[in-house]
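> This is run36.csv (CSV, C-alpha atoms and all ligand atoms).
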chain,number,residue,atom,x,y,z
H,35,MET,CA,98.0,103.3,80.3
H,36,THR,CA,94.4,102.8,79.1
H,37,ARG,CA,95.3,99.1,78.9
H,38,THR,CA,95.2,98.6,82.6
H,39,PRO,CA,91.6,99.4,83.4
H,40,ILE,CA,90.4,97.6,80.2
H,41,ALA,CA,92.4,94.5,81.0
H,42,ALA,CA,91.2,94.7,84.7
H,43,LEU,CA,87.6,95.1,83.6
H,44,SER,CA,87.6,92.2,81.2
H,45,ALA,CA,89.4,90.0,83.8
H,46,ALA,CA,86.7,90.9,86.3
H,47,ALA,CA,84.0,90.0,83.8
H,48,ALA,CA,85.7,86.7,83.0
H,49,CYS,CA,86.0,86.0,86.8
H,50,THR,CA,82.3,86.7,87.3
H,51,ALA,CA,81.5,84.3,84.4
H,52,PHE,CA,83.8,81.7,85.9
H,53,VAL,CA,82.3,81.9,89.4
H,54,ALA,CA,78.8,81.9,88.0
H,55,SER,CA,79.6,78.7,86.2
H,56,ALA,CA,80.7,77.0,89.3
H,57,ASP,CA,78.3,74.9,91.4
H,58,PRO,CA,78.2,76.0,95.0
H,59,PHE,CA,78.8,72.4,96.1
H,60,GLY,CA,81.7,71.8,93.8
H,61,ARG,CA,79.9,69.2,91.7
H,62,ARG,CA,79.7,70.7,88.2
H,63,SER,CA,83.2,71.6,87.2
H,64,PRO,CA,86.1,69.1,87.3
H,65,ALA,CA,88.2,71.9,88.8
H,66,PHE,CA,86.2,71.9,92.0
H,67,GLY,CA,86.5,68.2,93.0
H,68,GLU,CA,84.4,66.8,95.8
H,69,PRO,CA,81.2,68.3,97.3
H,70,LEU,CA,81.4,70.0,100.7
H,71,PRO,CA,82.4,67.4,103.4
H,72,GLY,CA,80.0,66.7,106.2
H,73,LEU,CA,76.8,66.8,104.1
H,74,THR,CA,74.9,63.6,103.2
H,75,ALA,CA,73.8,63.1,99.6
H,76,GLU,CA,70.2,63.8,100.7
H,77,GLN,CA,71.2,67.2,102.2
H,78,VAL,CA,73.1,68.1,99.1
H,79,ALA,CA,70.2,67.1,96.9
H,80,ALA,CA,67.8,69.2,99.1
H,81,LEU,CA,70.0,72.3,98.9
H,82,LEU,CA,70.5,71.9,95.2
H,83,ALA,CA,66.7,71.6,94.6
H,84,ARG,CA,66.2,74.8,96.6
H,85,PHE,CA,69.0,77.0,95.2
H,86,ASP,CA,70.2,75.5,91.9
H,87,ARG,CA,67.4,76.2,89.5
H,88,VAL,CA,69.4,76.0,86.3
H,89,ALA,CA,69.3,72.7,84.5
H,90,ASP,CA,72.6,70.8,84.1
H,91,PRO,CA,75.0,70.9,82.4
H,92,GLU,CA,75.6,74.6,83.0
H,93,ASP,CA,79.0,74.7,81.4
H,94,GLU,CA,78.5,72.9,78.1
H,95,THR,CA,81.4,72.1,75.8
H,96,ASP,CA,81.0,73.9,72.5
H,97,PRO,CA,81.0,71.2,69.8
H,98,GLU,CA,82.8,73.4,67.2
H,99,SER,CA,85.7,74.5,69.4
H,100,GLY,CA,85.6,71.6,71.9
H,101,LYS,CA,85.9,74.2,74.7
H,102,SER,CA,83.8,74.9,77.8
H,103,ASP,CA,83.6,78.2,79.6
H,104,VAL,CA,86.3,77.0,82.0
H,105,ASP,CA,88.6,76.2,79.1
H,106,ARG,CA,87.9,79.7,77.6
H,107,PHE,CA,88.5,81.3,80.9
H,108,ALA,CA,91.8,79.4,81.2
H,109,ASP,CA,92.8,80.6,77.7
H,110,PHE,CA,92.0,84.2,78.6
H,111,MET,CA,94.2,84.1,81.7
H,112,ARG,CA,97.0,82.2,80.0
H,113,LEU,CA,97.2,84.8,77.2
H,114,LEU,CA,96.8,88.0,79.2
H,115,ALA,CA,99.9,90.2,78.6
H,116,PRO,CA,101.8,91.6,81.6
H,117,LEU,CA,101.8,95.3,82.2
H,118,PRO,CA,104.7,96.7,80.2
H,119,GLN,CA,107.6,98.0,82.2
H,120,ALA,CA,107.7,101.8,82.5
H,121,ARG,CA,110.7,104.0,81.7
H,122,PHE,CA,113.5,103.5,84.2
H,123,SER,CA,114.3,106.7,86.1
H,124,ALA,CA,117.7,107.2,87.7
H,125,PRO,CA,116.3,106.3,91.2
H,126,ALA,CA,114.6,103.2,89.7
H,127,LEU,CA,117.9,102.1,88.2
H,128,ALA,CA,119.6,102.7,91.6
H,129,GLY,CA,116.7,100.8,93.2
H,130,ALA,CA,117.3,97.7,91.0
H,131,ARG,CA,120.8,97.5,92.4
H,132,VAL,CA,119.6,97.9,96.0
H,133,PHE,CA,116.9,95.3,95.3
H,134,ASP,CA,119.7,92.9,94.3
H,135,SER,CA,122.1,93.9,97.1
H,136,ILE,CA,119.6,93.3,99.9
H,137,LYS,CA,118.8,89.9,98.3
H,138,CYS,CA,115.2,90.4,97.3
H,139,THR,CA,116.3,88.6,94.2
H,140,ALA,CA,117.0,85.4,96.3
H,141,CYS,CA,113.2,84.8,95.8
H,142,HIS,CA,112.0,87.4,93.4
H,143,GLN,CA,114.2,86.1,90.6
H,144,PRO,CA,114.2,88.8,87.8
H,145,PHE,CA,113.9,86.5,84.8
H,146,TYR,CA,112.5,83.1,84.0
H,147,LEU,CA,112.2,81.2,80.8
H,148,THR,CA,108.9,79.5,79.9
H,149,GLY,CA,109.0,75.9,78.8
H,150,PRO,CA,107.7,74.1,75.8
H,151,SER,CA,104.1,75.1,75.0
H,152,ARG,CA,101.5,74.2,72.3
H,153,ILE,CA,100.9,78.0,72.1
H,154,GLY,CA,103.7,79.4,69.9
H,155,ALA,CA,103.6,82.8,71.7
H,156,LEU,CA,104.5,81.1,75.0
H,157,TRP,CA,107.2,78.8,73.7
H,158,PHE,CA,110.5,79.4,75.6
H,159,LYS,CA,109.9,83.1,76.2
H,160,PRO,CA,111.9,85.1,78.7
H,161,VAL,CA,109.5,86.6,81.3
H,162,ALA,CA,110.5,89.3,83.8
H,163,LEU,CA,108.1,88.2,86.5
H,164,PHE,CA,110.3,88.6,89.6
H,165,SER,CA,109.5,85.3,91.2
H,166,ASP,CA,111.2,81.9,91.5
H,167,LEU,CA,107.8,80.3,91.7
H,168,LEU,CA,108.9,78.4,94.7
H,169,LEU,CA,107.4,77.8,98.2
H,170,HIS,CA,109.2,79.5,101.1
H,171,ASP,CA,108.6,79.4,104.9
H,172,MET,CA,107.4,82.9,105.5
H,173,GLY,CA,106.9,82.6,109.2
H,174,THR,CA,104.1,84.9,110.5
H,175,LEU,CA,103.3,85.8,106.9
H,176,GLY,CA,102.1,82.3,106.2
H,177,ASP,CA,98.3,81.9,105.5
H,178,GLY,CA,97.9,79.0,108.0
H,179,ILE,CA,96.6,76.8,105.2
H,180,ALA,CA,98.3,73.5,104.2
H,181,GLN,CA,97.4,72.9,100.6
H,182,GLY,CA,99.1,70.6,98.1
H,183,ALA,CA,102.8,70.7,98.7
H,184,ALA,CA,102.6,73.9,100.8
H,185,ARG,CA,102.7,73.6,104.6
H,186,MET,CA,100.9,76.2,106.8
H,187,ARG,CA,103.7,78.8,106.8
H,188,GLU,CA,104.8,78.2,103.2
H,189,MET,CA,103.9,80.7,100.5
H,190,ARG,CA,104.8,80.8,96.8
H,191,THR,CA,106.9,83.9,95.9
H,192,ALA,CA,104.5,86.5,94.5
H,193,PRO,CA,105.5,87.8,91.0
H,194,LEU,CA,106.2,91.5,91.3
H,195,TRP,CA,105.5,92.6,87.7
H,196,GLY,CA,102.7,95.1,87.3
H,197,LEU,CA,102.8,96.0,91.0
H,198,ARG,CA,102.1,99.7,90.1
H,199,ALA,CA,98.6,98.9,89.0
H,200,ARG,CA,97.7,97.4,92.3
H,201,THR,CA,96.4,98.9,95.6
H,202,ALA,CA,96.3,95.9,98.0
H,203,PHE,CA,99.3,93.6,98.6
H,204,LEU,CA,100.1,90.1,100.0
H,205,HIS,CA,97.9,87.1,99.8
H,206,ASP,CA,95.1,88.6,102.0
H,207,GLY,CA,95.5,92.2,100.8
H,208,ARG,CA,96.6,93.3,104.3
H,209,ALA,CA,99.2,95.7,103.1
H,210,THR,CA,98.1,98.9,101.4
H,211,SER,CA,101.5,99.9,100.3
H,212,VAL,CA,104.6,98.1,98.9
H,213,GLY,CA,106.6,99.3,101.9
H,214,ASP,CA,104.2,97.7,104.3
H,215,ALA,CA,104.3,94.5,102.2
H,216,ILE,CA,108.0,94.3,102.5
H,217,ALA,CA,107.9,95.0,106.2
H,218,ALA,CA,105.5,92.0,106.7
H,219,HIS,CA,108.1,89.6,105.3
H,220,ASP,CA,109.1,87.0,107.9
H,221,GLY,CA,110.7,83.6,108.1
H,222,GLU,CA,113.0,83.0,105.2
H,223,GLY,CA,112.3,86.6,104.1
H,224,ALA,CA,113.3,88.2,107.5
H,225,VAL,CA,117.0,88.8,106.7
H,226,SER,CA,116.1,90.7,103.5
H,227,ARG,CA,113.3,92.6,105.3
H,228,GLU,CA,115.8,93.8,108.0
H,229,ARG,CA,118.3,94.9,105.3
H,230,TYR,CA,115.5,96.9,103.7
H,231,LEU,CA,114.4,98.5,107.0
H,232,ARG,CA,118.0,99.4,107.8
H,233,LEU,CA,118.4,101.5,104.6
H,234,GLY,CA,118.7,105.2,104.9
H,235,GLU,CA,115.6,107.3,104.0
H,236,THR,CA,116.7,108.1,100.4
H,237,GLU,CA,118.0,104.6,99.7
H,238,ARG,CA,114.8,103.0,101.0
H,239,LYS,CA,112.8,104.9,98.4
H,240,GLN,CA,114.8,103.6,95.5
H,241,PRO,CA,113.6,99.9,95.5
H,242,LEU,CA,110.1,101.3,95.8
H,243,GLU,CA,110.7,103.4,92.7
H,244,PHE,CA,112.1,100.3,90.9
H,245,LEU,CA,109.1,98.2,91.9
H,246,ASN,CA,106.9,101.0,90.6
H,247,THR,CA,108.5,100.6,87.2
H,248,ILE,CA,108.6,96.8,86.5
H,301,LIG,C1,112.4,84.1,101.2
H,301,LIG,C2,111.8,84.6,99.9
H,301,LIG,C3,111.5,86.1,99.8
H,301,LIG,C4,112.4,87.1,99.9
H,301,LIG,C5,113.9,87.1,100.2
H,301,LIG,C6,111.7,88.3,99.6
H,301,LIG,N1,110.4,88.0,99.3
H,301,LIG,FE1,108.9,89.3,98.7
H,301,LIG,N2,107.5,87.8,98.8
H,301,LIG,C7,107.8,86.5,99.1
H,301,LIG,C8,106.6,85.7,99.1
H,301,LIG,C9,106.5,84.2,99.4
H,301,LIG,C10,105.6,86.6,98.9
H,301,LIG,C11,104.1,86.3,98.9
H,301,LIG,C12,103.6,86.6,100.3
H,301,LIG,C13,102.1,86.7,100.4
H,301,LIG,O1,101.4,86.5,99.4
H,301,LIG,O2,101.5,86.9,101.5
H,301,LIG,C14,106.2,87.9,98.7
H,301,LIG,C15,105.5,89.1,98.4
H,301,LIG,C16,106.1,90.3,98.1
H,301,LIG,C17,105.4,91.5,97.8
H,301,LIG,C18,103.9,91.6,97.6
H,301,LIG,C19,103.5,91.2,96.2
H,301,LIG,C20,102.0,91.1,96.0
H,301,LIG,O3,101.6,90.7,95.0
H,301,LIG,O4,101.2,91.5,96.9
H,301,LIG,C21,106.3,92.5,97.6
H,301,LIG,C22,106.1,94.0,97.2
H,301,LIG,C23,107.6,91.9,97.9
H,301,LIG,N3,107.4,90.6,98.2
H,301,LIG,C24,108.8,92.6,97.8
H,301,LIG,C25,110.0,92.1,98.3
H,301,LIG,C26,111.2,92.9,98.5
H,301,LIG,C27,111.4,94.4,98.1
H,301,LIG,C28,112.1,92.1,99.0
H,301,LIG,C29,113.5,92.4,99.5
H,301,LIG,C30,113.6,93.3,100.6
H,301,LIG,C31,111.5,90.7,99.1
H,301,LIG,N4,110.2,90.8,98.7
H,301,LIG,C32,112.2,89.6,99.6
H,301,LIG,C33,109.1,85.9,99.2
H,301,LIG,C34,110.2,86.7,99.4
Written as structure tokens, how would this file's structure read?
Ligand code: HEC

Amino acid sequence: MTRTPIAALSAAAACTAFVASADPFGRRSPAFGEPLPGLTAEQVAALLARFDRVADPEDETDPESGKSDVDRFADFMRLLAPLPQARFSAPALAGARVFDSIKCTACHQPFYLTGPSRIGALWFKPVALFSDLLLHDMGTLGDGIAQGAARMREMRTAPLWGLRARTAFLHDGRATSVGDAIAAHDGEGAVSRERYLRLGETERKQPLEFLNTI
């Protein structure tokens, strides 16, 4: 169990390093694309002169490894191990069946196989992430942001592994419990949500126990 806080701490440190390496106007890292729209080149230059006191380039590529901080950060995220599953109690096993019978698995697909990878450890590995990695129209649960292929109400199915290490749920952290997160499902998730809410008191605890285990 000590792995969780340590992993979380190093992830937080890496995030801080990553954010610090990013230019506030999106001009340093190729990941950030264009500068803020609506500002002239002169305004951007004036703001940079005032606030950006560190000489460029801030994220230099290391000549030996050929990697920049962004590359190292990506490697770190890519190779983070998921939280291992806990031991399945009898209610958790019953919960797995309920989770399937009320069709949570329609989107939270239990297993996936990774594809080819230049990293051997990631080459065609089964992963129990509980997501189909697809976009779904989630109705009122949408974030109102159209981005890439996602329309305003469309969200990508959140993986459910490691849920027990978390305290805030959904894209904006609005749910403080797993039960609240389920109750907020809407749109394509509404039928499944209603099936969950119609479960009896004991039965409703079982999928929560299951989600606390994976
Ligand atoms: C139509 C697809 C769909 C179905 C069916 C569905 N979900 Fe989800 N679920 C999602 C999406 C999309 C999100 C991400 C929403 C967000 O980030 O706001 C999500 C998020 C969650 C979360 C929060 C995860 C997190 O990281 O914060 C939980 C818990 C969850 N679902 C459980 C369930 C359970 C239990 C069921 C069955 C009752 C279910 N879901 C059915 C699509 C679905």
> Could you please extract the residues within 6 Å of ligand LIG 301 (chain H), counting all atoms listed in the file, and hand them back as a tab-separated table (two decimals) with C-alpha atoms, in the coordinates of the input?

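Resulting contents of result_35.tsv:
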chain	number	residue	atom	x	y	z
H	137	LYS	CA	118.80	89.90	98.30
H	138	CYS	CA	115.20	90.40	97.30
H	140	ALA	CA	117.00	85.40	96.30
H	141	CYS	CA	113.20	84.80	95.80
H	170	HIS	CA	109.20	79.50	101.10
H	175	LEU	CA	103.30	85.80	106.90
H	189	MET	CA	103.90	80.70	100.50
H	190	ARG	CA	104.80	80.80	96.80
H	191	THR	CA	106.90	83.90	95.90
H	192	ALA	CA	104.50	86.50	94.50
H	194	LEU	CA	106.20	91.50	91.30
H	203	PHE	CA	99.30	93.60	98.60
H	204	LEU	CA	100.10	90.10	100.00
H	205	HIS	CA	97.90	87.10	99.80
H	212	VAL	CA	104.60	98.10	98.90
H	215	ALA	CA	104.30	94.50	102.20
H	216	ILE	CA	108.00	94.30	102.50
H	222	GLU	CA	113.00	83.00	105.20
H	223	GLY	CA	112.30	86.60	104.10
H	226	SER	CA	116.10	90.70	103.50
H	227	ARG	CA	113.30	92.60	105.30
H	230	TYR	CA	115.50	96.90	103.70
> Work out how far CA of Ala108 (chain H) is from CA of Ala89 (chain H), in Å to one decimal.
23.7 Å
> Using all atoms listed in the file, which residue out of H:Arg198, H:Arg152, H:Arg232, H:Arg185 lies closest to Pro118 (chain H)?
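Among the listed residues, the smallest separation from Pro118 (chain H) belongs to H:Arg198.
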> Choose the residue, out of H:Glu228, H:Glu243, H:Glu235, H:Asp166, that has the smallest atom-to-atom separation from Ile136 (chain H); count all atoms listed in the file.
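For Ile136 (chain H), the nearest of the given residues is H:Glu228.
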> What is the distance between CA of Gly196 (chain H) and CA of Ile248 (chain H), in Å to one decimal?
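For CA of Gly196 (chain H) relative to CA of Ile248 (chain H), the distance reads 6.2 Å.
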> Using all atoms listed in the file, determine which residues lie at most 10 Å from region 124-127 of chain H, disregarding the query and same-chain residues fewer than 6 positions distant; provide the list as an MDAnalysis selection string.
chainID H and resid 133 236:237 239:248
> Which value, in Å to one decimal, gives the distance between CA of Ala155 (chain H) and CA of Leu169 (chain H)?
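So the two atoms, CA of Ala155 (chain H) and CA of Leu169 (chain H), lie 27.2 Å apart.
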> Considering all atoms listed in the file, can you say which of H:Ala217, H:Val104, H:Ala128, H:Ala79 comes closest to Glu92 (chain H)?
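Comparing H:Ala217, H:Val104, H:Ala128, H:Ala79 against Glu92 (chain H), the winner is H:Val104.
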> Which residues come within 9 Å of Gly178 (chain H), counting all atoms listed in the file, excluding same-chain residues fewer than 6 positions away, as a list in words?
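Within the cut-off, the hits are Arg185, Met186, Arg187 and Glu188 of chain H.
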> Would you output that residue set with C-alpha atoms, as a compact mmCIF listing (two decimals), keeping the file's coordinate frame?

# COMPACT_ATOMS: atom_id res chain seq x y z
CA ARG H 185 102.70 73.60 104.60
CA MET H 186 100.90 76.20 106.80
CA ARG H 187 103.70 78.80 106.80
CA GLU H 188 104.80 78.20 103.20
> Using all atoms listed in the file, pick whichever of H:Leu197, H:Phe110, H:Ile179, H:Tyr146 has the shortest atom-to-atom distance to Phe158 (chain H).
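Among H:Leu197, H:Phe110, H:Ile179, H:Tyr146, it is H:Tyr146 that comes nearest to Phe158 (chain H).
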> Could you tell me which of H:Ser151, H:Gln119, H:Gln77, H:Thr174 comes closest to Ala199 (chain H) if we count all atoms listed in the file?
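Of H:Ser151, H:Gln119, H:Gln77, H:Thr174, the one nearest Ala199 (chain H), counting all atoms listed in the file, is H:Gln119.
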> Using all atoms listed in the file, which of the listed residues (H:Ala130, H:Ser135, H:Ile153, H:Gly173) sits closest to Ala224 (chain H)?
H:Gly173
